[in-house]
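S.K.: Structure provided below as structure tokens; questions to follow.
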Amino acid sequence: MRGSSWTRAGALAAPLAASLLLAGWSDAAAAACQSRSGKALRPLVELYTAEGCNQCPAADAWLSASARRQPRISWLAFHVDYWDAVGWVDRYAAAAHGQRQQYRLQSLGRQALVTPQVIVGRDVPVDWRGAAMAQLLAESRRQVAPATLAMSASAQADGRMRVDMQARLDGDRIAGPALLWLALYEDGLETAVAAGENAGRMLRHDRVVRKLAGPWKLESPTWNGYAVLELPGDLHAGRAGLVLFAESPDDGRGLQSLEQPLSCAKARVP
């Protein structure tokens with residue numbers, strides 16, 4: 001999971017990489033797996049973690065359990081690579097994940113770049129296992145989402161995945177542009193750690209971000225596009241899924257998220 005990249009707000013219209021293609025909404029994808037967001041906000045919970053961090057396994061377990069208990073919330077685990085030099089190289093880490101963590105914190109006026117760290121919209125809860133976190137998520141889910149998202153995924157004959165995306169912004173609830181991201185995640189991952197702070201431990205992970213595409217800058221009420229993703233060779237489609245999410249470029253406020261399993265799209269490969 002190396003080589004992912006993204007740009008900051010000053011150049012967000014740039015393409016992600018050669019594997020990412022943008023174009024108009026495709027009618028051909030209408031028969032593939034489809035999902036569309038509802039009126040209520042589906043909050044996104046971001047966990048920044050690393051296999052080389054001895055405090056992170058507890059956070060990983062918390063996220064796994066939370067994702068099972070609360071399926072109407074989007075959960076993503078971003079493995080960061082700045083722990084790789086401390087004895088163990090995390091195979092799921094990417095520089096783009098640490099860059100996103102730093103950008104998110106800077107937009108919130110915070111400096112503490114730590115792992116594990118949880119970010120939910122404009123909030124960085126310290127006691128993410130406590131009652132305050134539960135209340136934050138409950139309050140978020142009661143909000144009306146300022147954006148509506150839709151996506152349709154279809155497997156290609158060459159093994160890549162095409163994801164058609166659509167976003168609509170409610171001008172009465174959001175002023176200014178928004179950013180749109182697409183994440184490919186995988187559940188049920190295990191690593192036998194042989195060095196570093198977690199040496200000798202078997203670590204288990206869920207909602208691990210395997211690909212991160214975007215951001216696309218949304219400057220009009222309606223946006224259509226698609227991405228073609230190169231899937232990791234070791235990806236298990238039956239345990240993978242997509243999360244499409246929109247946020248404010250100013251403070252990271254969550255505008256909406258949408259989740260879809262990859263299994264139905266993968267089954268369509270000729």
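Here, A, B, ... name the chains of the structure tokens in the order displayed, residue numbers run from 1 inside each chain, and ligands are numbered from 1 in the same displayed order.
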Under the rule of at most 12 Å, produce a per-residue listing of region 83-171 of chain A near region 230-233 of chain A: chain, number, name, the closest pair of atoms, and the distance in Å, as a tab-separated table, using only C-alpha atoms.
M.R.:
residue	atom	partner	partner_atom	distance
A:Arg91	CA	A:Pro232	CA	11.8
A:Tyr92	CA	A:Pro232	CA	10.8
A:Ala155	CA	A:Leu231	CA	10.1
A:Gln156	CA	A:Glu230	CA	10.3
A:Asp158	CA	A:Glu230	CA	9.5
A:Gly159	CA	A:Leu231	CA	7.3
A:Arg160	CA	A:Glu230	CA	5.0
A:Met161	CA	A:Glu230	CA	6.7
A:Arg162	CA	A:Glu230	CA	9.2
A:Val163	CA	A:Glu230	CA	11.3
S.K.: Given the selection you just returned, output its residues as a file containing all heavy atoms, formatted as a short mmCIF file (atom, residue, chain, number, x, y, z; two decimals), in the first residue's frame.
M.R.:
data_model
loop_
_atom_site.label_atom_id
_atom_site.label_comp_id
_atom_site.auth_asym_id
_atom_site.auth_seq_id
_atom_site.Cartn_x
_atom_site.Cartn_y
_atom_site.Cartn_z
N ARG A 91 2.87 -3.14 6.65
CA ARG A 91 2.59 -3.35 5.22
C ARG A 91 1.34 -2.62 4.75
O ARG A 91 1.10 -2.49 3.54
CB ARG A 91 2.47 -4.84 4.93
CG ARG A 91 1.39 -5.56 5.73
CD ARG A 91 1.33 -7.03 5.40
NE ARG A 91 0.46 -7.77 6.29
CZ ARG A 91 -0.14 -8.90 5.97
NH1 ARG A 91 0.02 -9.41 4.77
NH2 ARG A 91 -0.89 -9.52 6.85
N TYR A 92 0.50 -2.14 5.67
CA TYR A 92 -0.71 -1.42 5.29
C TYR A 92 -0.55 0.10 5.41
O TYR A 92 -1.50 0.84 5.17
CB TYR A 92 -1.89 -1.87 6.16
CG TYR A 92 -2.12 -3.36 6.09
CD1 TYR A 92 -2.01 -4.17 7.23
CD2 TYR A 92 -2.43 -3.98 4.88
CE1 TYR A 92 -2.20 -5.54 7.16
CE2 TYR A 92 -2.62 -5.35 4.80
CZ TYR A 92 -2.51 -6.12 5.94
OH TYR A 92 -2.70 -7.48 5.86
N ALA A 155 -16.80 -4.41 -11.42
CA ALA A 155 -15.49 -5.00 -11.68
C ALA A 155 -15.22 -5.03 -13.18
O ALA A 155 -16.12 -5.28 -13.99
CB ALA A 155 -15.43 -6.41 -11.11
N GLN A 156 -13.97 -4.77 -13.55
CA GLN A 156 -13.57 -4.78 -14.95
C GLN A 156 -12.90 -6.12 -15.29
O GLN A 156 -12.41 -6.83 -14.42
CB GLN A 156 -12.60 -3.63 -15.22
CG GLN A 156 -13.10 -2.27 -14.76
CD GLN A 156 -14.35 -1.83 -15.49
OE1 GLN A 156 -14.33 -1.53 -16.68
NE2 GLN A 156 -15.47 -1.79 -14.77
N ASP A 158 -10.12 -6.63 -16.56
CA ASP A 158 -8.69 -6.63 -16.27
C ASP A 158 -8.39 -6.68 -14.78
O ASP A 158 -7.24 -6.56 -14.36
CB ASP A 158 -8.02 -5.40 -16.90
CG ASP A 158 -8.58 -4.08 -16.36
OD1 ASP A 158 -9.45 -4.12 -15.46
OD2 ASP A 158 -8.15 -3.02 -16.85
N GLY A 159 -9.44 -6.84 -13.95
CA GLY A 159 -9.25 -6.96 -12.51
C GLY A 159 -9.35 -5.65 -11.76
O GLY A 159 -9.35 -5.65 -10.52
N ARG A 160 -9.43 -4.54 -12.48
CA ARG A 160 -9.58 -3.25 -11.81
C ARG A 160 -11.05 -3.02 -11.44
O ARG A 160 -11.93 -3.75 -11.87
CB ARG A 160 -9.07 -2.12 -12.70
CG ARG A 160 -7.57 -2.21 -13.01
CD ARG A 160 -7.07 -0.97 -13.73
NE ARG A 160 -7.72 -0.78 -15.02
CZ ARG A 160 -7.59 0.32 -15.76
NH1 ARG A 160 -6.84 1.33 -15.33
NH2 ARG A 160 -8.19 0.41 -16.93
N MET A 161 -11.28 -2.02 -10.63
CA MET A 161 -12.63 -1.71 -10.17
C MET A 161 -13.00 -0.30 -10.60
O MET A 161 -12.28 0.66 -10.33
CB MET A 161 -12.71 -1.82 -8.64
CG MET A 161 -14.10 -1.58 -8.07
SD MET A 161 -15.28 -2.88 -8.53
CE MET A 161 -14.49 -4.33 -7.83
N ARG A 162 -14.13 -0.18 -11.27
CA ARG A 162 -14.64 1.13 -11.66
C ARG A 162 -15.71 1.54 -10.66
O ARG A 162 -16.62 0.78 -10.35
CB ARG A 162 -15.23 1.09 -13.06
CG ARG A 162 -15.95 2.40 -13.43
CD ARG A 162 -16.43 2.42 -14.86
NE ARG A 162 -17.29 3.58 -15.10
CZ ARG A 162 -17.27 4.32 -16.19
NH1 ARG A 162 -16.40 4.06 -17.15
NH2 ARG A 162 -18.11 5.33 -16.34
N VAL A 163 -15.58 2.77 -10.17
CA VAL A 163 -16.55 3.30 -9.21
C VAL A 163 -17.10 4.61 -9.76
O VAL A 163 -16.38 5.61 -9.87
CB VAL A 163 -15.92 3.55 -7.83
CG1 VAL A 163 -16.99 4.01 -6.84
CG2 VAL A 163 -15.21 2.30 -7.32
#
S.K.: Within 9 Å of region 181-189 of chain A, counting only C-alpha atoms, which residues qualify if same-chain residues fewer than 2 places away don't, as a PDB file with N, CA and C atoms, in the first residue's frame?
M.R.:
ATOM      1  N   SER A  64     -12.812  -2.361  15.530  1.00  0.00           N
ATOM      2  CA  SER A  64     -13.432  -3.578  14.996  1.00  0.00           C
ATOM      3  C   SER A  64     -14.765  -3.854  15.677  1.00  0.00           C
ATOM      4  N   LEU A  76     -13.019   3.857   9.358  1.00  0.00           N
ATOM      5  CA  LEU A  76     -11.832   3.629   8.548  1.00  0.00           C
ATOM      6  C   LEU A  76     -10.588   3.682   9.424  1.00  0.00           C
ATOM      7  N   ALA A  77      -9.678   2.739   9.188  1.00  0.00           N
ATOM      8  CA  ALA A  77      -8.396   2.696   9.912  1.00  0.00           C
ATOM      9  C   ALA A  77      -7.284   3.066   8.941  1.00  0.00           C
ATOM     10  N   LEU A 179     -14.925  18.729  -0.351  1.00  0.00           N
ATOM     11  CA  LEU A 179     -13.959  17.757  -0.845  1.00  0.00           C
ATOM     12  C   LEU A 179     -14.580  16.366  -0.812  1.00  0.00           C
ATOM     13  N   THR A 191      -1.583  -9.879  11.134  1.00  0.00           N
ATOM     14  CA  THR A 191      -0.141  -9.745  10.960  1.00  0.00           C
ATOM     15  C   THR A 191       0.572 -10.307  12.184  1.00  0.00           C
ATOM     16  N   LEU A 203      -1.503  -9.383  15.415  1.00  0.00           N
ATOM     17  CA  LEU A 203      -2.405  -8.236  15.364  1.00  0.00           C
ATOM     18  C   LEU A 203      -3.523  -8.494  14.354  1.00  0.00           C
ATOM     19  N   ARG A 204      -4.721  -8.101  14.745  1.00  0.00           N
ATOM     20  CA  ARG A 204      -5.890  -8.270  13.881  1.00  0.00           C
ATOM     21  C   ARG A 204      -6.497  -6.910  13.577  1.00  0.00           C
ATOM     22  N   HIS A 205      -6.853  -6.714  12.304  1.00  0.00           N
ATOM     23  CA  HIS A 205      -7.317  -5.404  11.854  1.00  0.00           C
ATOM     24  C   HIS A 205      -8.609  -5.519  11.039  1.00  0.00           C
ATOM     25  N   ASP A 206      -9.441  -4.506  11.153  1.00  0.00           N
ATOM     26  CA  ASP A 206     -10.614  -4.349  10.305  1.00  0.00           C
ATOM     27  C   ASP A 206     -10.675  -2.914   9.791  1.00  0.00           C
ATOM     28  N   ARG A 207     -11.413  -2.735   8.726  1.00  0.00           N
ATOM     29  CA  ARG A 207     -11.620  -1.424   8.092  1.00  0.00           C
ATOM     30  C   ARG A 207     -10.305  -0.747   7.702  1.00  0.00           C
ATOM     31  N   VAL A 208      -9.326  -1.552   7.339  1.00  0.00           N
ATOM     32  CA  VAL A 208      -8.016  -1.017   6.977  1.00  0.00           C
ATOM     33  C   VAL A 208      -8.086  -0.387   5.584  1.00  0.00           C
ATOM     34  N   VAL A 209      -7.678   0.853   5.467  1.00  0.00           N
ATOM     35  CA  VAL A 209      -7.680   1.533   4.175  1.00  0.00           C
ATOM     36  C   VAL A 209      -6.570   0.953   3.309  1.00  0.00           C
ATOM     37  N   ARG A 210      -6.946   0.346   2.171  1.00  0.00           N
ATOM     38  CA  ARG A 210      -5.980  -0.237   1.240  1.00  0.00           C
ATOM     39  C   ARG A 210      -5.700   0.696   0.063  1.00  0.00           C
ATOM     40  N   LYS A 211      -6.663   1.536  -0.273  1.00  0.00           N
ATOM     41  CA  LYS A 211      -6.495   2.551  -1.316  1.00  0.00           C
ATOM     42  C   LYS A 211      -7.246   3.800  -0.884  1.00  0.00           C
ATOM     43  N   LEU A 212      -6.650   4.950  -1.159  1.00  0.00           N
ATOM     44  CA  LEU A 212      -7.303   6.230  -0.868  1.00  0.00           C
ATOM     45  C   LEU A 212      -7.208   7.097  -2.112  1.00  0.00           C
ATOM     46  N   ALA A 213      -8.352   7.442  -2.691  1.00  0.00           N
ATOM     47  CA  ALA A 213      -8.407   8.238  -3.921  1.00  0.00           C
ATOM     48  C   ALA A 213      -9.036   9.596  -3.627  1.00  0.00           C
ATOM     49  N   GLY A 214      -8.505  10.620  -4.272  1.00  0.00           N
ATOM     50  CA  GLY A 214      -9.023  11.963  -4.086  1.00  0.00           C
ATOM     51  C   GLY A 214      -7.963  12.864  -3.496  1.00  0.00           C
ATOM     52  N   PRO A 215      -8.360  14.058  -3.072  1.00  0.00           N
ATOM     53  CA  PRO A 215      -9.742  14.536  -3.088  1.00  0.00           C
ATOM     54  C   PRO A 215     -10.120  15.213  -4.401  1.00  0.00           C
ATOM     55  N   TRP A 216     -11.423  15.198  -4.653  1.00  0.00           N
ATOM     56  CA  TRP A 216     -11.996  15.989  -5.721  1.00  0.00           C
ATOM     57  C   TRP A 216     -12.643  17.221  -5.091  1.00  0.00           C
ATOM     58  N   ALA A 227     -13.866   6.741 -10.808  1.00  0.00           N
ATOM     59  CA  ALA A 227     -12.487   6.353 -10.548  1.00  0.00           C
ATOM     60  C   ALA A 227     -12.304   4.904 -10.963  1.00  0.00           C
ATOM     61  N   LEU A 229      -9.880   1.908  -9.974  1.00  0.00           N
ATOM     62  CA  LEU A 229      -8.914   1.572  -8.934  1.00  0.00           C
ATOM     63  C   LEU A 229      -8.177   0.281  -9.252  1.00  0.00           C
ATOM     64  N   LEU A 231      -6.754  -2.800  -7.769  1.00  0.00           N
ATOM     65  CA  LEU A 231      -6.965  -3.506  -6.516  1.00  0.00           C
ATOM     66  C   LEU A 231      -5.681  -4.208  -6.075  1.00  0.00           C
ATOM     67  N   LEU A 235      -5.935  -8.618  -2.033  1.00  0.00           N
ATOM     68  CA  LEU A 235      -7.236  -8.194  -1.499  1.00  0.00           C
ATOM     69  C   LEU A 235      -8.247  -9.333  -1.541  1.00  0.00           C
ATOM     70  N   HIS A 236      -8.962  -9.542  -0.429  1.00  0.00           N
ATOM     71  CA  HIS A 236     -10.051 -10.513  -0.374  1.00  0.00           C
ATOM     72  C   HIS A 236     -11.353  -9.738  -0.563  1.00  0.00           C
ATOM     73  N   ALA A 237     -11.954  -9.856  -1.765  1.00  0.00           N
ATOM     74  CA  ALA A 237     -13.120  -9.036  -2.102  1.00  0.00           C
ATOM     75  C   ALA A 237     -14.295  -9.267  -1.156  1.00  0.00           C
ATOM     76  N   GLY A 238     -14.414 -10.488  -0.635  1.00  0.00           N
ATOM     77  CA  GLY A 238     -15.525 -10.776   0.265  1.00  0.00           C
ATOM     78  C   GLY A 238     -15.422 -10.075   1.597  1.00  0.00           C
ATOM     79  N   ARG A 239     -14.243  -9.528   1.906  1.00  0.00           N
ATOM     80  CA  ARG A 239     -14.057  -8.811   3.168  1.00  0.00           C
ATOM     81  C   ARG A 239     -13.772  -7.327   2.931  1.00  0.00           C
ATOM     82  N   ALA A 240     -14.001  -6.859   1.710  1.00  0.00           N
ATOM     83  CA  ALA A 240     -13.631  -5.487   1.360  1.00  0.00           C
ATOM     84  C   ALA A 240     -14.868  -4.649   1.064  1.00  0.00           C
ATOM     85  N   GLY A 241     -14.658  -3.342   1.071  1.00  0.00           N
ATOM     86  CA  GLY A 241     -15.755  -2.432   0.788  1.00  0.00           C
ATOM     87  C   GLY A 241     -15.236  -1.060   0.408  1.00  0.00           C
ATOM     88  N   LEU A 242     -16.156  -0.185   0.031  1.00  0.00           N
ATOM     89  CA  LEU A 242     -15.839   1.182  -0.378  1.00  0.00           C
ATOM     90  C   LEU A 242     -16.532   2.162   0.545  1.00  0.00           C
ATOM     91  N   VAL A 243     -15.862   3.251   0.853  1.00  0.00           N
ATOM     92  CA  VAL A 243     -16.470   4.354   1.589  1.00  0.00           C
ATOM     93  C   VAL A 243     -16.229   5.628   0.791  1.00  0.00           C
ATOM     94  N   LEU A 244     -17.310   6.269   0.394  1.00  0.00           N
ATOM     95  CA  LEU A 244     -17.264   7.563  -0.274  1.00  0.00           C
ATOM     96  C   LEU A 244     -17.660   8.605   0.759  1.00  0.00           C
ATOM     97  N   PHE A 245     -16.848   9.659   0.917  1.00  0.00           N
ATOM     98  CA  PHE A 245     -17.195  10.652   1.944  1.00  0.00           C
ATOM     99  C   PHE A 245     -16.849  12.065   1.491  1.00  0.00           C
ATOM    100  N   ALA A 246     -17.679  13.001   1.932  1.00  0.00           N
ATOM    101  CA  ALA A 246     -17.511  14.418   1.611  1.00  0.00           C
ATOM    102  C   ALA A 246     -17.268  15.184   2.902  1.00  0.00           C
ATOM    103  N   GLU A 247     -16.409  16.202   2.820  1.00  0.00           N
ATOM    104  CA  GLU A 247     -16.071  16.988   3.998  1.00  0.00           C
ATOM    105  C   GLU A 247     -15.796  18.434   3.611  1.00  0.00           C
ATOM    106  N   LEU A 262     -17.775  -4.652  -1.443  1.00  0.00           N
ATOM    107  CA  LEU A 262     -17.164  -4.885  -2.751  1.00  0.00           C
ATOM    108  C   LEU A 262     -17.581  -6.224  -3.339  1.00  0.00           C
TER     109      LEU A 262
END
S.K.: What is the distance between CA of Ser107 (chain A) and CA of Leu136 (chain A), in Å to one decimal?
M.R.: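 It comes out at 19.4 Å.
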S.K.: As a PyMOL selection string, please: the residues near region 140-143 of chain A (cut-off 10 Å, only C-alpha atoms, same-chain neighbours under 5 positions excluded).
M.R.: chain A and resi 39-44+72-73+120-121+134-135+254-255
S.K.: Now that the selection is made, can you save its residues with all heavy atoms as an mmCIF file, in the first residue's frame?
M.R.:
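As a result, result-v6.cif now contains:
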data_model
loop_
_atom_site.group_PDB
_atom_site.id
_atom_site.type_symbol
_atom_site.label_atom_id
_atom_site.label_comp_id
_atom_site.auth_asym_id
_atom_site.auth_seq_id
_atom_site.Cartn_x
_atom_site.Cartn_y
_atom_site.Cartn_z
ATOM 1 N N LYS A 39 -31.111 10.990 4.071
ATOM 2 C CA LYS A 39 -31.130 12.379 4.536
ATOM 3 C C LYS A 39 -30.301 12.564 5.798
ATOM 4 O O LYS A 39 -29.718 13.623 6.013
ATOM 5 C CB LYS A 39 -32.568 12.821 4.789
ATOM 6 C CG LYS A 39 -33.418 12.927 3.520
ATOM 7 C CD LYS A 39 -34.814 13.452 3.834
ATOM 8 C CE LYS A 39 -35.638 13.606 2.561
ATOM 9 N NZ LYS A 39 -37.012 14.116 2.859
ATOM 10 N N ALA A 40 -30.275 11.552 6.648
ATOM 11 C CA ALA A 40 -29.527 11.668 7.907
ATOM 12 C C ALA A 40 -28.029 11.567 7.652
ATOM 13 O O ALA A 40 -27.577 10.849 6.754
ATOM 14 C CB ALA A 40 -29.963 10.582 8.880
ATOM 15 N N LEU A 41 -27.267 12.276 8.450
ATOM 16 C CA LEU A 41 -25.808 12.234 8.331
ATOM 17 C C LEU A 41 -25.281 10.881 8.809
ATOM 18 O O LEU A 41 -25.651 10.400 9.882
ATOM 19 C CB LEU A 41 -25.189 13.354 9.172
ATOM 20 C CG LEU A 41 -23.660 13.416 9.196
ATOM 21 C CD1 LEU A 41 -23.124 13.767 7.808
ATOM 22 C CD2 LEU A 41 -23.181 14.418 10.232
ATOM 23 N N ARG A 42 -24.440 10.302 8.008
ATOM 24 C CA ARG A 42 -23.722 9.083 8.397
ATOM 25 C C ARG A 42 -22.297 9.510 8.744
ATOM 26 O O ARG A 42 -21.489 9.802 7.852
ATOM 27 C CB ARG A 42 -23.705 8.066 7.254
ATOM 28 C CG ARG A 42 -22.993 6.754 7.583
ATOM 29 C CD ARG A 42 -22.888 5.885 6.345
ATOM 30 N NE ARG A 42 -22.148 4.662 6.621
ATOM 31 C CZ ARG A 42 -22.695 3.452 6.767
ATOM 32 N NH1 ARG A 42 -24.004 3.316 6.657
ATOM 33 N NH2 ARG A 42 -21.954 2.396 7.014
ATOM 34 N N PRO A 43 -21.968 9.620 10.026
ATOM 35 C CA PRO A 43 -20.638 10.131 10.402
ATOM 36 C C PRO A 43 -19.518 9.186 9.995
ATOM 37 O O PRO A 43 -19.703 7.968 9.886
ATOM 38 C CB PRO A 43 -20.726 10.278 11.924
ATOM 39 C CG PRO A 43 -21.827 9.378 12.341
ATOM 40 C CD PRO A 43 -22.796 9.313 11.206
ATOM 41 N N LEU A 44 -18.358 9.770 9.770
ATOM 42 C CA LEU A 44 -17.151 9.017 9.467
ATOM 43 C C LEU A 44 -16.218 9.082 10.661
ATOM 44 O O LEU A 44 -15.895 10.166 11.150
ATOM 45 C CB LEU A 44 -16.449 9.598 8.236
ATOM 46 C CG LEU A 44 -15.047 9.055 7.940
ATOM 47 C CD1 LEU A 44 -15.115 7.586 7.523
ATOM 48 C CD2 LEU A 44 -14.350 9.889 6.880
ATOM 49 N N ARG A 72 -24.283 1.670 10.919
ATOM 50 C CA ARG A 72 -24.766 2.882 10.246
ATOM 51 C C ARG A 72 -23.784 4.043 10.387
ATOM 52 O O ARG A 72 -24.124 5.192 10.112
ATOM 53 C CB ARG A 72 -26.146 3.278 10.790
ATOM 54 C CG ARG A 72 -27.228 2.249 10.467
ATOM 55 C CD ARG A 72 -28.598 2.702 10.909
ATOM 56 N NE ARG A 72 -29.612 1.693 10.612
ATOM 57 C CZ ARG A 72 -30.899 1.833 10.874
ATOM 58 N NH1 ARG A 72 -31.330 2.930 11.475
ATOM 59 N NH2 ARG A 72 -31.749 0.869 10.571
ATOM 60 N N ILE A 73 -22.599 3.736 10.812
ATOM 61 C CA ILE A 73 -21.504 4.701 10.880
ATOM 62 C C ILE A 73 -20.375 4.167 10.006
ATOM 63 O O ILE A 73 -20.167 2.953 9.923
ATOM 64 C CB ILE A 73 -21.028 4.886 12.333
ATOM 65 C CG1 ILE A 73 -22.144 5.521 13.171
ATOM 66 C CG2 ILE A 73 -19.762 5.737 12.402
ATOM 67 C CD1 ILE A 73 -21.837 5.577 14.661
ATOM 68 N N VAL A 120 -13.301 12.644 14.268
ATOM 69 C CA VAL A 120 -14.680 12.568 13.774
ATOM 70 C C VAL A 120 -15.089 13.977 13.365
ATOM 71 O O VAL A 120 -15.383 14.815 14.212
ATOM 72 C CB VAL A 120 -15.654 12.033 14.839
ATOM 73 C CG1 VAL A 120 -17.059 11.890 14.243
ATOM 74 C CG2 VAL A 120 -15.171 10.715 15.404
ATOM 75 N N GLY A 121 -15.074 14.257 12.078
ATOM 76 C CA GLY A 121 -15.437 15.596 11.620
ATOM 77 C C GLY A 121 -14.525 16.653 12.201
ATOM 78 O O GLY A 121 -13.303 16.633 12.010
ATOM 79 N N ALA A 134 -19.647 8.308 22.429
ATOM 80 C CA ALA A 134 -20.964 7.775 22.076
ATOM 81 C C ALA A 134 -21.963 8.903 21.858
ATOM 82 O O ALA A 134 -22.781 8.865 20.934
ATOM 83 C CB ALA A 134 -21.452 6.820 23.156
ATOM 84 N N GLN A 135 -21.899 9.915 22.701
ATOM 85 C CA GLN A 135 -22.798 11.058 22.566
ATOM 86 C C GLN A 135 -22.509 11.835 21.293
ATOM 87 O O GLN A 135 -23.428 12.266 20.589
ATOM 88 C CB GLN A 135 -22.675 11.978 23.777
ATOM 89 C CG GLN A 135 -23.622 13.170 23.731
ATOM 90 C CD GLN A 135 -23.511 14.040 24.974
ATOM 91 O OE1 GLN A 135 -22.783 13.728 25.907
ATOM 92 N NE2 GLN A 135 -24.249 15.132 24.994
ATOM 93 N N GLY A 254 -17.765 16.791 8.608
ATOM 94 C CA GLY A 254 -18.314 15.735 7.779
ATOM 95 C C GLY A 254 -19.631 16.144 7.162
ATOM 96 O O GLY A 254 -20.552 16.561 7.860
ATOM 97 N N LEU A 255 -19.739 16.016 5.834
ATOM 98 C CA LEU A 255 -20.951 16.399 5.122
ATOM 99 C C LEU A 255 -21.820 15.193 4.795
ATOM 100 O O LEU A 255 -23.033 15.306 4.725
ATOM 101 C CB LEU A 255 -20.587 17.150 3.845
ATOM 102 C CG LEU A 255 -19.676 18.376 4.040
ATOM 103 C CD1 LEU A 255 -19.349 18.992 2.686
ATOM 104 C CD2 LEU A 255 -20.320 19.390 4.974
#
S.K.: Residues within 10 Å of Gly176 (chain A), please, as a list in words. Count only C-alpha atoms; anything in the same chain fewer than 2 positions from it doesn't count.
M.R.: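 Once the adjacent positions are removed, what remains is Leu169, Gly171, Ile174, Ala178, Leu218, Glu219, Ser220, Pro221, Ser248, Pro249 and Asp250 of chain A.
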S.K.: Could those residues be written to a file, using C-alpha atoms, as a PDB file, in the first residue's frame?
M.R.:
ATOM      1  CA  LEU A 169     -24.591  19.742  -2.188  1.00  0.00           C
ATOM      2  CA  GLY A 171     -26.675  25.192  -0.737  1.00  0.00           C
ATOM      3  CA  ILE A 174     -23.246  24.444   3.259  1.00  0.00           C
ATOM      4  CA  ALA A 178     -16.491  20.557  -0.480  1.00  0.00           C
ATOM      5  CA  LEU A 218     -16.744  20.125  -5.491  1.00  0.00           C
ATOM      6  CA  GLU A 219     -17.471  23.717  -6.493  1.00  0.00           C
ATOM      7  CA  SER A 220     -20.948  23.326  -7.971  1.00  0.00           C
ATOM      8  CA  PRO A 221     -24.173  21.872  -6.520  1.00  0.00           C
ATOM      9  CA  SER A 248     -15.491  20.702   4.395  1.00  0.00           C
ATOM     10  CA  PRO A 249     -12.029  21.847   3.234  1.00  0.00           C
ATOM     11  CA  ASP A 250     -11.982  24.471   5.998  1.00  0.00           C
TER      12      ASP A 250
END
S.K.: To one decimal place in Å, what is the distance between CA of Ala150 (chain A) and CA of Met165 (chain A)?
M.R.: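 So the answer is 5.8 Å.
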S.K.: With only C-alpha atoms as the counted atoms, please give the residues lying no more than 12 Å from Arg129 (chain A), apart from itself and same-chain residues fewer than 3 positions off, as JSON, numbers by chain.
M.R.: {"A": [58, 59, 60, 61, 62, 63, 65, 66, 117, 118, 125, 126, 132, 133, 134, 135, 136, 137]}
S.K.: From region 63-209 of chain A, collect each residue whose DSSP state is alpha helix (DSSP H) and return the set as a PyMOL selection string.
M.R.: chain A and resi 63-69+95-107+131-141
S.K.: Using only C-alpha atoms, which of the listed residues (A:Ala195, A:Ala138, A:Cys56, A:Leu258) sits closest to Gln166 (chain A)?
M.R.: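 Checking each candidate against Gln166 (chain A), we get A:Leu258 as the closest.
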S.K.: May I ask for the distance between CA of Leu47 (chain A) and CA of Met151 (chain A), given in Å to one decimal place?
M.R.: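 Interatomic distance here is 23.6 Å.
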S.K.: I'd like the neighbourhood of Ala85 (chain A) as an mmCIF file with N, CA, C and O atoms, in the first residue's frame, where a residue qualifies if any of its atoms comes within 12 Å (using only C-alpha atoms), though same-chain residues fewer than 4 positions away should be ignored.
M.R.:
data_model
loop_
_atom_site.group_PDB
_atom_site.id
_atom_site.type_symbol
_atom_site.label_atom_id
_atom_site.label_comp_id
_atom_site.auth_asym_id
_atom_site.auth_seq_id
_atom_site.Cartn_x
_atom_site.Cartn_y
_atom_site.Cartn_z
ATOM 1 N N ALA A 50 -0.931 2.222 13.779
ATOM 2 C CA ALA A 50 0.267 1.624 13.183
ATOM 3 C C ALA A 50 0.585 0.325 13.901
ATOM 4 O O ALA A 50 0.395 0.200 15.117
ATOM 5 N N GLU A 51 1.096 -0.651 13.157
ATOM 6 C CA GLU A 51 1.452 -1.930 13.756
ATOM 7 C C GLU A 51 2.681 -1.823 14.648
ATOM 8 O O GLU A 51 2.910 -2.694 15.480
ATOM 9 N N GLY A 52 3.469 -0.772 14.507
ATOM 10 C CA GLY A 52 4.648 -0.611 15.337
ATOM 11 C C GLY A 52 4.398 0.101 16.643
ATOM 12 O O GLY A 52 5.322 0.266 17.444
ATOM 13 N N CYS A 53 3.164 0.500 16.890
ATOM 14 C CA CYS A 53 2.791 1.263 18.089
ATOM 15 C C CYS A 53 2.144 0.332 19.110
ATOM 16 O O CYS A 53 1.125 -0.304 18.820
ATOM 17 N N VAL A 80 -0.457 4.611 9.428
ATOM 18 C CA VAL A 80 0.528 5.640 9.080
ATOM 19 C C VAL A 80 1.926 5.038 8.999
ATOM 20 O O VAL A 80 2.218 4.026 9.647
ATOM 21 N N ASP A 81 2.780 5.669 8.196
ATOM 22 C CA ASP A 81 4.111 5.089 7.972
ATOM 23 C C ASP A 81 5.209 5.711 8.819
ATOM 24 O O ASP A 81 6.363 5.275 8.733
ATOM 25 N N VAL A 89 8.030 -2.485 9.889
ATOM 26 C CA VAL A 89 7.415 -1.840 8.729
ATOM 27 C C VAL A 89 5.993 -2.370 8.565
ATOM 28 O O VAL A 89 5.784 -3.567 8.353
ATOM 29 N N ASP A 90 5.035 -1.489 8.676
ATOM 30 C CA ASP A 90 3.615 -1.822 8.564
ATOM 31 C C ASP A 90 3.263 -1.940 7.081
ATOM 32 O O ASP A 90 3.331 -0.966 6.337
ATOM 33 N N ALA A 93 0.645 0.532 5.775
ATOM 34 C CA ALA A 93 0.873 1.963 5.972
ATOM 35 C C ALA A 93 1.137 2.666 4.646
ATOM 36 O O ALA A 93 1.597 2.065 3.676
ATOM 37 N N ALA A 195 9.015 -7.716 15.138
ATOM 38 C CA ALA A 195 9.980 -6.744 15.676
ATOM 39 C C ALA A 195 9.230 -5.509 16.156
ATOM 40 O O ALA A 195 8.015 -5.378 15.953
ATOM 41 N N GLY A 196 9.957 -4.621 16.810
ATOM 42 C CA GLY A 196 9.349 -3.377 17.270
ATOM 43 C C GLY A 196 8.581 -3.549 18.571
ATOM 44 O O GLY A 196 8.700 -4.564 19.265
ATOM 45 N N GLU A 197 7.781 -2.572 18.920
ATOM 46 C CA GLU A 197 7.079 -2.557 20.203
ATOM 47 C C GLU A 197 6.065 -3.685 20.348
ATOM 48 O O GLU A 197 5.729 -4.080 21.466
#
